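What follows is the content of run-v1.txt (compact mmCIF, C-alpha atoms and all ligand atoms).
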```txt
# COMPACT_ATOMS: atom_id res chain seq x y z
CA MET A 1 113.39 94.42 80.64
CA ILE A 2 114.67 92.91 83.91
CA ILE A 3 112.47 93.05 87.01
CA ARG A 4 113.48 92.26 90.56
CA ALA A 5 111.18 91.79 93.57
CA HIS A 6 111.60 90.94 97.24
CA SER A 7 109.32 89.13 99.66
CA SER A 8 109.31 87.07 102.86
CA PRO A 9 107.18 84.38 104.51
CA ASN A 10 104.07 84.95 106.58
CA ILE A 11 102.87 82.98 109.57
CA ALA A 12 99.18 82.14 109.75
CA LEU A 13 97.27 82.90 112.95
CA ILE A 14 94.05 81.51 111.46
CA LYS A 15 95.14 78.81 109.04
CA TYR A 16 94.20 78.20 105.43
CA TRP A 17 93.59 74.49 104.94
CA GLY A 18 91.52 73.06 102.07
CA ASN A 19 90.26 74.55 98.83
CA ARG A 20 86.87 75.13 97.22
CA ASN A 21 88.72 75.08 93.88
CA ASN A 22 92.11 73.35 93.68
CA GLU A 23 93.02 74.55 90.19
CA TRP A 24 92.74 78.22 91.14
CA ARG A 25 93.66 77.73 94.81
CA LEU A 26 90.43 79.29 96.00
CA PRO A 27 90.35 78.57 99.73
CA ALA A 28 87.47 76.78 101.42
CA ALA A 29 87.54 79.40 104.20
CA ASP A 30 89.17 82.71 105.12
CA SER A 31 92.55 82.91 106.87
CA LEU A 32 94.76 85.54 108.52
CA SER A 33 98.50 85.89 109.00
CA MET A 34 101.35 88.08 110.15
CA VAL A 35 103.91 89.00 107.48
CA LEU A 36 107.50 88.36 108.61
CA ASP A 37 110.56 90.47 107.86
CA PHE A 38 112.91 87.49 107.60
CA PRO A 39 114.16 85.26 105.95
CA THR A 40 113.83 86.92 102.57
CA VAL A 41 113.36 85.81 98.97
CA ARG A 42 114.48 87.72 95.90
CA ALA A 43 113.31 86.93 92.37
CA THR A 44 114.53 88.35 89.07
CA ILE A 45 112.50 87.80 85.92
CA GLU A 46 113.13 88.58 82.28
CA PRO A 47 111.18 87.93 79.06
CA ALA A 48 112.72 84.88 77.36
CA GLU A 49 112.31 82.49 74.41
CA LYS A 50 111.45 79.62 76.69
CA PHE A 51 110.37 79.23 80.31
CA SER A 52 113.31 78.56 82.66
CA VAL A 53 114.03 78.61 86.40
CA GLN A 54 117.25 78.84 88.38
CA SER A 55 117.22 78.76 92.14
CA TYR A 56 119.91 79.53 94.73
CA ASP A 57 119.90 78.89 98.48
CA HIS A 58 120.96 81.31 101.24
CA ASN A 59 124.64 80.48 100.62
CA GLY A 60 124.30 81.36 96.95
CA ILE A 61 124.61 77.68 95.96
CA GLU A 62 122.49 76.66 92.99
CA LYS A 63 119.74 74.23 93.94
CA PRO A 64 118.49 71.95 91.17
CA GLN A 65 114.71 72.29 90.88
CA SER A 66 112.54 69.18 90.97
CA GLU A 67 110.25 68.55 88.02
CA THR A 68 107.23 69.14 90.31
CA SER A 69 108.56 72.50 91.37
CA ILE A 70 109.27 73.62 87.78
CA LYS A 71 105.78 72.49 86.73
CA ARG A 72 104.23 74.46 89.60
CA LEU A 73 106.11 77.62 88.61
CA GLN A 74 105.16 77.11 84.97
CA LYS A 75 101.51 76.58 85.88
CA HIS A 76 101.60 79.76 87.99
CA TRP A 77 102.92 81.74 85.03
CA ALA A 78 100.18 80.27 82.77
CA LEU A 79 97.47 81.10 85.35
CA THR A 80 98.91 84.61 85.76
CA LYS A 81 98.57 85.22 82.01
CA GLU A 82 95.05 83.76 82.05
CA PHE A 83 93.96 85.98 84.94
CA LEU A 84 95.51 89.11 83.41
CA HIS A 85 93.68 88.27 80.18
CA THR A 86 90.33 88.01 81.99
CA ILE A 87 90.83 91.49 83.46
CA GLU A 88 92.13 92.82 80.10
CA ARG A 89 95.58 93.66 81.44
CA ASP A 90 97.64 91.19 79.37
CA GLU A 91 98.69 93.57 76.59
CA GLY A 92 102.42 93.29 75.86
CA LEU A 93 103.00 90.34 78.22
CA PRO A 94 105.84 88.09 77.03
CA GLU A 95 104.98 84.52 76.09
CA ASN A 96 107.73 83.17 78.33
CA ILE A 97 110.10 84.31 81.03
CA SER A 98 113.26 83.23 82.76
CA ILE A 99 113.18 83.27 86.56
CA VAL A 100 116.09 83.43 88.99
CA ILE A 101 115.20 82.89 92.65
CA HIS A 102 117.49 83.55 95.64
CA SER A 103 115.82 82.13 98.71
CA GLY A 104 116.90 82.38 102.33
CA VAL A 105 113.92 80.24 103.36
CA PRO A 106 114.50 76.49 103.77
CA PRO A 107 111.75 74.80 101.71
CA ALA A 108 109.03 72.43 102.91
CA ILE A 109 109.58 72.52 106.68
CA GLY A 110 106.81 74.87 107.76
CA ILE A 111 108.28 78.33 107.17
CA ALA A 112 105.99 79.28 104.29
CA SER A 113 108.66 79.23 101.62
CA SER A 114 105.99 78.99 98.93
CA ALA A 115 104.17 82.10 100.22
CA ALA A 116 107.45 84.01 99.99
CA VAL A 117 108.34 82.73 96.51
CA PHE A 118 104.92 83.14 94.90
CA SER A 119 104.20 86.56 96.43
CA CYS A 120 107.61 87.67 95.17
CA LEU A 121 106.85 86.41 91.65
CA ALA A 122 103.39 88.03 91.79
CA GLU A 123 105.04 91.37 92.51
CA ALA A 124 107.48 90.88 89.61
CA TYR A 125 104.77 89.69 87.17
CA GLY A 126 102.66 92.71 88.12
CA ALA A 127 105.48 94.96 86.91
CA LEU A 128 105.33 93.35 83.44
CA VAL A 129 101.90 94.87 82.96
CA GLN A 130 102.15 97.95 80.84
CA SER A 131 99.79 100.95 81.25
CA ASN A 132 98.45 101.30 84.82
CA PRO A 133 100.21 99.36 87.56
CA LEU A 134 98.23 96.50 89.11
CA SER A 135 96.50 97.16 92.43
CA GLN A 136 97.62 95.37 95.61
CA LYS A 137 94.42 93.35 95.39
CA GLU A 138 95.41 92.11 91.91
CA ILE A 139 98.97 91.34 93.07
CA SER A 140 97.43 89.40 95.96
CA ILE A 141 95.35 87.33 93.50
CA LEU A 142 98.46 86.58 91.41
CA GLY A 143 100.25 85.40 94.57
CA ARG A 144 97.30 83.17 95.48
CA LEU A 145 97.39 81.45 92.07
CA GLY A 146 100.81 80.00 93.05
CA ALA A 147 100.22 79.38 96.79
CA GLY A 148 97.06 80.36 98.66
CA SER A 149 99.12 81.81 101.50
CA GLY A 150 101.04 83.89 98.91
CA ALA A 151 97.99 86.18 98.70
CA ARG A 152 98.79 87.48 102.19
CA ASN A 153 102.07 89.32 101.39
CA ALA A 154 100.73 92.08 99.16
CA TRP A 155 100.44 94.24 102.29
CA GLY A 156 102.61 94.37 105.38
CA GLY A 157 101.59 93.63 108.96
CA TYR A 158 98.49 91.51 109.49
CA VAL A 159 96.63 90.37 106.40
CA ALA A 160 93.45 88.34 105.91
CA LEU A 161 92.75 86.22 102.82
CA GLU A 162 89.02 86.45 102.21
CA ASN A 163 86.54 84.86 99.81
CA HIS A 164 84.27 87.04 97.65
CA GLY A 165 81.93 85.16 95.29
CA GLU A 166 83.05 83.04 92.35
CA GLY A 167 85.70 83.11 89.62
CA MET A 168 89.46 83.15 89.39
CA GLY A 169 89.81 86.49 91.19
CA SER A 170 87.31 85.72 93.96
CA ALA A 171 89.72 85.45 96.92
CA TYR A 172 92.25 88.09 97.88
CA GLY A 173 93.94 89.80 100.77
CA ARG A 174 92.92 92.67 103.02
CA GLN A 175 95.16 94.44 105.50
CA ILE A 176 93.82 94.18 109.05
CA ALA A 177 96.58 96.15 110.80
CA ARG A 178 99.91 97.62 109.73
CA GLU A 179 103.29 96.35 110.90
CA THR A 180 103.76 99.61 112.79
CA ASP A 181 100.44 99.15 114.64
CA TRP A 182 101.66 96.17 116.64
CA LEU A 183 105.19 94.83 116.48
CA LEU A 184 105.38 91.16 117.45
CA HIS A 185 108.35 88.82 117.26
CA ASP A 186 108.42 85.31 115.81
CA ILE A 187 111.18 83.09 117.18
CA ILE A 188 111.16 80.12 114.83
CA LEU A 189 112.41 76.78 116.11
CA VAL A 190 113.26 74.25 113.41
CA PRO A 191 113.80 70.84 114.99
CA ASP A 192 114.15 68.96 111.70
CA GLN A 193 115.26 70.21 108.27
CA LYS A 194 114.08 67.15 106.32
CA GLU A 195 111.69 68.19 103.56
CA LYS A 196 108.19 66.80 104.09
CA LYS A 197 107.00 64.08 101.71
CA ILE A 198 103.52 65.43 101.11
CA GLY A 199 103.31 69.17 100.63
CA SER A 200 100.40 71.51 101.17
CA THR A 201 99.21 71.45 97.54
CA GLU A 202 98.33 67.75 97.83
CA GLY A 203 97.25 68.20 101.45
CA HIS A 204 94.68 70.92 100.64
CA ALA A 205 93.13 68.72 97.95
CA MET A 206 92.47 65.93 100.48
CA ALA A 207 91.43 68.09 103.46
CA SER A 208 87.72 67.43 102.94
CA THR A 209 88.26 63.68 103.51
CA SER A 210 88.68 64.44 107.23
CA ARG A 211 85.50 63.93 109.29
CA LEU A 212 86.51 67.11 111.18
CA PHE A 213 86.73 69.34 108.10
CA THR A 214 83.09 70.54 107.94
CA GLU A 215 83.14 71.60 111.58
CA ARG A 216 86.46 73.39 111.05
CA ILE A 217 84.97 75.40 108.18
CA ARG A 218 81.95 76.24 110.36
CA GLN A 219 84.21 77.60 113.12
CA ILE A 220 86.40 79.81 110.93
CA PRO A 221 84.16 82.93 110.67
CA ARG A 222 84.01 83.18 114.48
CA ARG A 223 87.75 82.64 114.82
CA MET A 224 88.49 85.22 112.11
CA GLN A 225 86.38 87.80 113.92
CA GLU A 226 88.03 87.09 117.27
CA CYS A 227 91.48 87.25 115.73
CA ILE A 228 90.72 90.55 113.98
CA ASN A 229 89.39 92.00 117.27
CA ALA A 230 92.46 90.78 119.16
CA LEU A 231 94.81 92.38 116.61
CA GLN A 232 92.92 95.65 116.48
CA THR A 233 92.81 95.96 120.28
CA LYS A 234 96.31 94.46 120.78
CA ASP A 235 94.87 91.87 123.14
CA PHE A 236 97.63 89.26 123.29
CA GLU A 237 95.74 86.78 125.46
CA LYS A 238 92.81 86.74 123.06
CA LEU A 239 95.21 86.35 120.12
CA ARG A 240 96.95 83.46 121.85
CA ASN A 241 93.74 81.62 122.69
CA ILE A 242 92.24 81.87 119.24
CA SER A 243 95.40 81.17 117.22
CA GLU A 244 96.41 78.14 119.30
CA GLU A 245 92.84 76.78 119.09
CA ASP A 246 92.97 77.14 115.30
CA ALA A 247 96.48 75.70 114.82
CA LEU A 248 95.70 72.59 116.85
CA ASP A 249 92.38 72.19 115.05
CA MET A 250 94.10 72.36 111.63
CA HIS A 251 96.56 69.66 112.69
CA ARG A 252 93.69 67.45 113.88
CA VAL A 253 92.10 67.80 110.43
CA MET A 254 95.44 66.99 108.75
CA GLU A 255 95.93 63.93 110.93
CA THR A 256 92.44 62.57 110.18
CA GLN A 257 92.37 63.15 106.44
CA ASN A 258 93.12 60.43 103.92
CA PRO A 259 96.05 59.83 103.66
CA PRO A 260 96.76 61.25 107.14
CA LEU A 261 99.36 64.02 107.37
CA ARG A 262 101.36 63.99 110.58
CA TYR A 263 103.54 67.06 110.38
CA LEU A 264 104.14 67.51 114.12
CA SER A 265 107.00 65.52 115.64
CA ASP A 266 107.90 64.51 119.21
CA ALA A 267 110.19 67.55 119.31
CA THR A 268 107.24 69.82 118.36
CA HIS A 269 105.10 68.42 121.19
CA ARG A 270 107.95 68.74 123.70
CA ILE A 271 108.57 72.39 122.76
CA ILE A 272 104.83 73.15 123.11
CA ARG A 273 104.72 71.51 126.56
CA ASP A 274 107.82 73.34 127.74
CA ILE A 275 106.64 76.73 126.53
CA GLU A 276 103.24 76.18 128.20
CA ASN A 277 105.04 75.47 131.50
CA LEU A 278 107.37 78.42 131.13
CA ARG A 279 104.65 80.92 130.32
CA SER A 280 102.45 79.85 133.20
CA SER A 281 105.28 80.39 135.69
CA ASP A 282 106.79 83.51 134.09
CA LYS A 283 103.60 85.26 132.84
CA LEU A 284 105.01 85.47 129.32
CA ASN A 285 103.15 86.89 126.33
CA VAL A 286 104.04 84.07 123.96
CA LEU A 287 101.92 81.86 121.68
CA TYR A 288 102.88 78.85 119.61
CA THR A 289 101.74 77.91 116.14
CA MET A 290 102.81 75.38 113.50
CA ASP A 291 102.21 75.28 109.74
CA ALA A 292 102.75 72.20 107.59
CA GLY A 293 105.89 70.96 109.33
CA PRO A 294 107.39 70.26 112.79
CA THR A 295 108.69 73.85 113.04
CA VAL A 296 107.33 75.81 116.02
CA HIS A 297 106.73 79.55 115.71
CA LEU A 298 106.90 81.29 119.09
CA ILE A 299 105.18 84.62 118.61
CA CYS A 300 105.74 87.06 121.45
CA THR A 301 105.57 90.68 122.49
CA GLU A 302 108.65 92.86 122.90
CA ASP A 303 108.63 92.57 126.72
CA SER A 304 108.73 88.75 126.58
CA LEU A 305 111.36 88.53 123.83
CA THR A 306 114.51 88.05 125.93
CA THR A 307 113.03 85.11 127.85
CA VAL A 308 111.61 83.50 124.69
CA GLU A 309 114.98 83.86 122.93
CA ALA A 310 116.76 82.28 125.90
CA PHE A 311 114.23 79.43 125.83
CA ALA A 312 114.86 78.94 122.08
CA GLU A 313 118.63 79.00 122.44
CA ALA A 314 118.47 76.35 125.15
CA GLN A 315 116.74 73.87 122.78
CA LYS A 316 119.10 71.17 121.60
CA ASP A 317 119.44 70.40 117.88
CA CYS A 318 117.13 73.18 116.72
CA ILE A 319 117.93 75.79 114.12
CA ILE A 320 116.59 79.20 115.12
CA PHE A 321 115.32 82.04 112.93
CA LYS A 322 114.48 85.36 114.53
CA ALA A 323 111.84 87.38 112.72
CA LYS A 324 109.33 90.10 113.50
CA THR A 325 106.29 91.68 111.89
CA GLY A 326 107.35 92.75 108.41
CA GLY A 327 106.33 94.74 105.34
CA ALA A 328 104.76 93.91 101.99
CA SER A 329 106.38 92.26 98.98
CA HIS A 330 107.92 94.97 96.81
CA LEU A 331 109.93 95.74 93.68
CA LYS A 332 113.63 96.57 93.85
CA ASN A 333 115.52 98.73 91.39
CA ILE A 334 118.43 97.07 89.68
O1 LIG B 1 99.72 78.35 100.64
P1 LIG B 1 100.05 76.92 100.82
O2 LIG B 1 99.49 76.07 99.73
O3 LIG B 1 101.53 76.72 101.00
O4 LIG B 1 99.34 76.41 102.16
C1 LIG B 1 99.61 76.95 103.42
C2 LIG B 1 99.07 76.09 104.49
C3 LIG B 1 99.50 76.44 105.90
O5 LIG B 1 100.79 76.99 105.93
C4 LIG B 1 99.50 75.14 106.69
C5 LIG B 1 98.51 77.39 106.58
C6 LIG B 1 98.57 78.84 106.17
O6 LIG B 1 97.51 79.48 106.24
O7 LIG B 1 99.65 79.36 105.83
```

Written as structure tokens, how would this file's structure read?
Ligand code: PMV
Amino acid sequence: MIIRAHSSPNIALIKYWGNRNNEWRLPAADSLSMVLDFPTVRATIEPAEKFSVQSYDHNGIEKPQSETSIKRLQKHWALTKEFLHTIERDEGLPENISIVIHSGVPPAIGIASSAAVFSCLAEAYGALVQSNPLSQKEISILGRLGAGSGARNAWGGYVALENHGEGMGSAYGRQIARETDWLLHDIILVPDQKEKKIGSTEGHAMASTSRLFTERIRQIPRRMQECINALQTKDFEKLRNISEEDALDMHRVMETQNPPLRYLSDATHRIIRDIENLRSSDKLNVLYTMDAGPTVHLICTEDSLTTVEAFAEAQKDCIIFKAKTGGASHLKNI
């Protein structure tokens, strides 16, 4: 049995930072993101004698996997089996699998490559379950066990990751609006392709050492509500205010935790300043947000797209990805 799945990154509007349980990647607070249609990840899995991983980049060139990355994938597979056992859906699951990943997403620079990879694997693992297919909620939980943000690709459009009680399955996604409800663009500016030294897995585990963390957690329910309202009423100004407030707040927490994580670079700050100037003079519907890297996501409405693209293309030494609101992770026939 060979199974193939596709997925893509998502960009958080209300960020997930910090866990209440690191082992199971149960988030300390809720979060909300927009699923992107590009770049894409494809994973093929097959039952095998022993666990193995092969990974290829967007040019089809094989990328050797670090030991850390193989261990993370192996752990995700073990947690997947454990979760499926707890919900009595593990009948007929193979002991081991071989995984082949084709990823168009550069890793570790703030384009949610792990969300794309783990949501893709979640979709493929779900198809190993015999009898009834897993629900989207269960696929979302499987994604979360590999990367918290990976829970937010089991639906398309705008998806919240929400906490519900205790236990391994106690945080999962919920669709807030479909991709067809509000089409937004994400012009992604990558000023630096160097992989970050400390990734989000280690970063989440140390988030609570920041003196600003408790206040951040206190603010999240209000921000979630405002973000949901903004999306449901297509109020771009409200969306911009709340998502920029949250992104900057997350980076303040990162920068004050121990050890401090400074993901934003001089280029990031310059792009933010320039886009703030441009939008105040040109009345543009554009917002900026950054995940764990110097990469700036410029999210804009259709009517502001041409100007935002021209702004992006005028940036020196930046790689640009052009994405828009996308659909859920899904299986592909082979
Ligand atoms: O899902 P992880 O462990 O890759 O963490 C994602 C963290 C951020 O990208 C910074 C925020 C988010 O909500 O996606």

> What residues have any atom no more than 10 Å from ligand LIG 1 (chain B) when counting only C-alpha atoms and all ligand atoms, and can you list them as a count of residues only?
Replying inline: 57

>> List the spatial neighbours of A:Leu331 as a list in words - criterion: any atom at most 8 Å away, all atoms listed in the file, same-chain residues fewer than 4 positions off excluded.
In response: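 Using all atoms listed in the file, the neighbours found are Ile3, Arg4, Ala5, His6, Glu123 and Ala124 of chain A.
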
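Considering the residues A:Ser265, A:Asn333, A:Gln65, A:Thr40 and counting only C-alpha atoms, A:Lys194 has its shortest atom-to-atom contact with A:Ser265.
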
>> I need every residue sitting at most 12 Å from the point (110.8, 93.2, 124.8) (coordinates as in the file, only C-alpha atoms considered), written as a ChimeraX atom specification.
In response: /A:183-185,284-286,299-309,324

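Distances to A:Val190 were evaluated for A:Asp317, A:Glu88, A:Glu46, A:Glu166 using all atoms listed in the file, and the minimum falls at A:Asp317.
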
List the neighbours of A:Gly326 out to 10 Å using only C-alpha atoms; skip same-chain residues closer than 4 positions along the sequence, and give me the result as a PDB file with C-alpha atoms, in the frame of the given file.
```pdb
ATOM      1  CA  SER A   7     109.320  89.130  99.660  1.00  0.00           C
ATOM      2  CA  SER A   8     109.310  87.070 102.860  1.00  0.00           C
ATOM      3  CA  PRO A   9     107.180  84.380 104.510  1.00  0.00           C
ATOM      4  CA  ASN A  10     104.070  84.950 106.580  1.00  0.00           C
ATOM      5  CA  MET A  34     101.350  88.080 110.150  1.00  0.00           C
ATOM      6  CA  VAL A  35     103.910  89.000 107.480  1.00  0.00           C
ATOM      7  CA  LEU A  36     107.500  88.360 108.610  1.00  0.00           C
ATOM      8  CA  ASP A  37     110.560  90.470 107.860  1.00  0.00           C
ATOM      9  CA  PHE A  38     112.910  87.490 107.600  1.00  0.00           C
ATOM     10  CA  ASN A 153     102.070  89.320 101.390  1.00  0.00           C
ATOM     11  CA  TRP A 155     100.440  94.240 102.290  1.00  0.00           C
ATOM     12  CA  GLY A 156     102.610  94.370 105.380  1.00  0.00           C
ATOM     13  CA  GLY A 157     101.590  93.630 108.960  1.00  0.00           C
ATOM     14  CA  TYR A 158      98.490  91.510 109.490  1.00  0.00           C
ATOM     15  CA  ARG A 178      99.910  97.620 109.730  1.00  0.00           C
ATOM     16  CA  GLU A 179     103.290  96.350 110.900  1.00  0.00           C
ATOM     17  CA  THR A 180     103.760  99.610 112.790  1.00  0.00           C
ATOM     18  CA  LEU A 183     105.190  94.830 116.480  1.00  0.00           C
ATOM     19  CA  LEU A 184     105.380  91.160 117.450  1.00  0.00           C
ATOM     20  CA  HIS A 185     108.350  88.820 117.260  1.00  0.00           C
TER      21      HIS A 185
END
```

Can stretch 26-46 of chain A be brought up to N, CA and C atoms and written out as an mmCIF file, keeping the file's coordinate frame?
```
data_model
loop_
_atom_site.group_PDB
_atom_site.id
_atom_site.type_symbol
_atom_site.label_atom_id
_atom_site.label_comp_id
_atom_site.auth_asym_id
_atom_site.auth_seq_id
_atom_site.Cartn_x
_atom_site.Cartn_y
_atom_site.Cartn_z
ATOM 1 N N LEU A 26 91.426 78.486 95.273
ATOM 2 C CA LEU A 26 90.430 79.290 96.000
ATOM 3 C C LEU A 26 90.179 78.590 97.319
ATOM 4 N N PRO A 27 90.453 79.247 98.440
ATOM 5 C CA PRO A 27 90.350 78.570 99.730
ATOM 6 C C PRO A 27 88.920 78.243 100.140
ATOM 7 N N ALA A 28 88.788 77.168 100.920
ATOM 8 C CA ALA A 28 87.470 76.780 101.420
ATOM 9 C C ALA A 28 86.982 77.757 102.483
ATOM 10 N N ALA A 29 87.911 78.452 103.139
ATOM 11 C CA ALA A 29 87.540 79.400 104.200
ATOM 12 C C ALA A 29 88.575 80.519 104.255
ATOM 13 N N ASP A 30 88.257 81.572 104.985
ATOM 14 C CA ASP A 30 89.170 82.710 105.120
ATOM 15 C C ASP A 30 90.339 82.350 106.054
ATOM 16 N N SER A 31 91.383 83.132 106.001
ATOM 17 C CA SER A 31 92.550 82.910 106.870
ATOM 18 C C SER A 31 93.197 84.265 107.182
ATOM 19 N N LEU A 32 94.147 84.265 108.094
ATOM 20 C CA LEU A 32 94.760 85.540 108.520
ATOM 21 C C LEU A 32 96.182 85.293 109.003
ATOM 22 N N SER A 33 97.118 86.132 108.580
ATOM 23 C CA SER A 33 98.500 85.890 109.000
ATOM 24 C C SER A 33 99.255 87.181 109.301
ATOM 25 N N MET A 34 100.422 86.967 109.900
ATOM 26 C CA MET A 34 101.350 88.080 110.150
ATOM 27 C C MET A 34 102.487 87.937 109.137
ATOM 28 N N VAL A 35 102.788 89.016 108.427
ATOM 29 C CA VAL A 35 103.910 89.000 107.480
ATOM 30 C C VAL A 35 105.196 89.095 108.295
ATOM 31 N N LEU A 36 106.216 88.333 107.898
ATOM 32 C CA LEU A 36 107.500 88.360 108.610
ATOM 33 C C LEU A 36 108.532 89.173 107.835
ATOM 34 N N ASP A 37 109.527 89.680 108.549
ATOM 35 C CA ASP A 37 110.560 90.470 107.860
ATOM 36 C C ASP A 37 111.751 89.622 107.434
ATOM 37 N N PHE A 38 111.726 88.341 107.796
ATOM 38 C CA PHE A 38 112.910 87.490 107.600
ATOM 39 C C PHE A 38 112.489 86.029 107.662
ATOM 40 N N PRO A 39 113.140 85.092 106.975
ATOM 41 C CA PRO A 39 114.160 85.260 105.950
ATOM 42 C C PRO A 39 113.556 85.770 104.649
ATOM 43 N N THR A 40 114.391 86.283 103.762
ATOM 44 C CA THR A 40 113.830 86.920 102.570
ATOM 45 C C THR A 40 114.072 86.102 101.293
ATOM 46 N N VAL A 41 113.254 86.421 100.294
ATOM 47 C CA VAL A 41 113.360 85.810 98.970
ATOM 48 C C VAL A 41 113.478 86.935 97.959
ATOM 49 N N ARG A 42 114.325 86.730 96.960
ATOM 50 C CA ARG A 42 114.480 87.720 95.900
ATOM 51 C C ARG A 42 114.293 86.985 94.580
ATOM 52 N N ALA A 43 113.503 87.564 93.684
ATOM 53 C CA ALA A 43 113.310 86.930 92.370
ATOM 54 C C ALA A 43 113.586 87.948 91.284
ATOM 55 N N THR A 44 114.272 87.493 90.237
ATOM 56 C CA THR A 44 114.530 88.350 89.070
ATOM 57 C C THR A 44 113.898 87.657 87.874
ATOM 58 N N ILE A 45 113.120 88.406 87.107
ATOM 59 C CA ILE A 45 112.500 87.800 85.920
ATOM 60 C C ILE A 45 112.835 88.628 84.684
ATOM 61 N N GLU A 46 112.781 87.941 83.547
ATOM 62 C CA GLU A 46 113.130 88.580 82.280
ATOM 63 C C GLU A 46 112.382 87.871 81.157
#
```
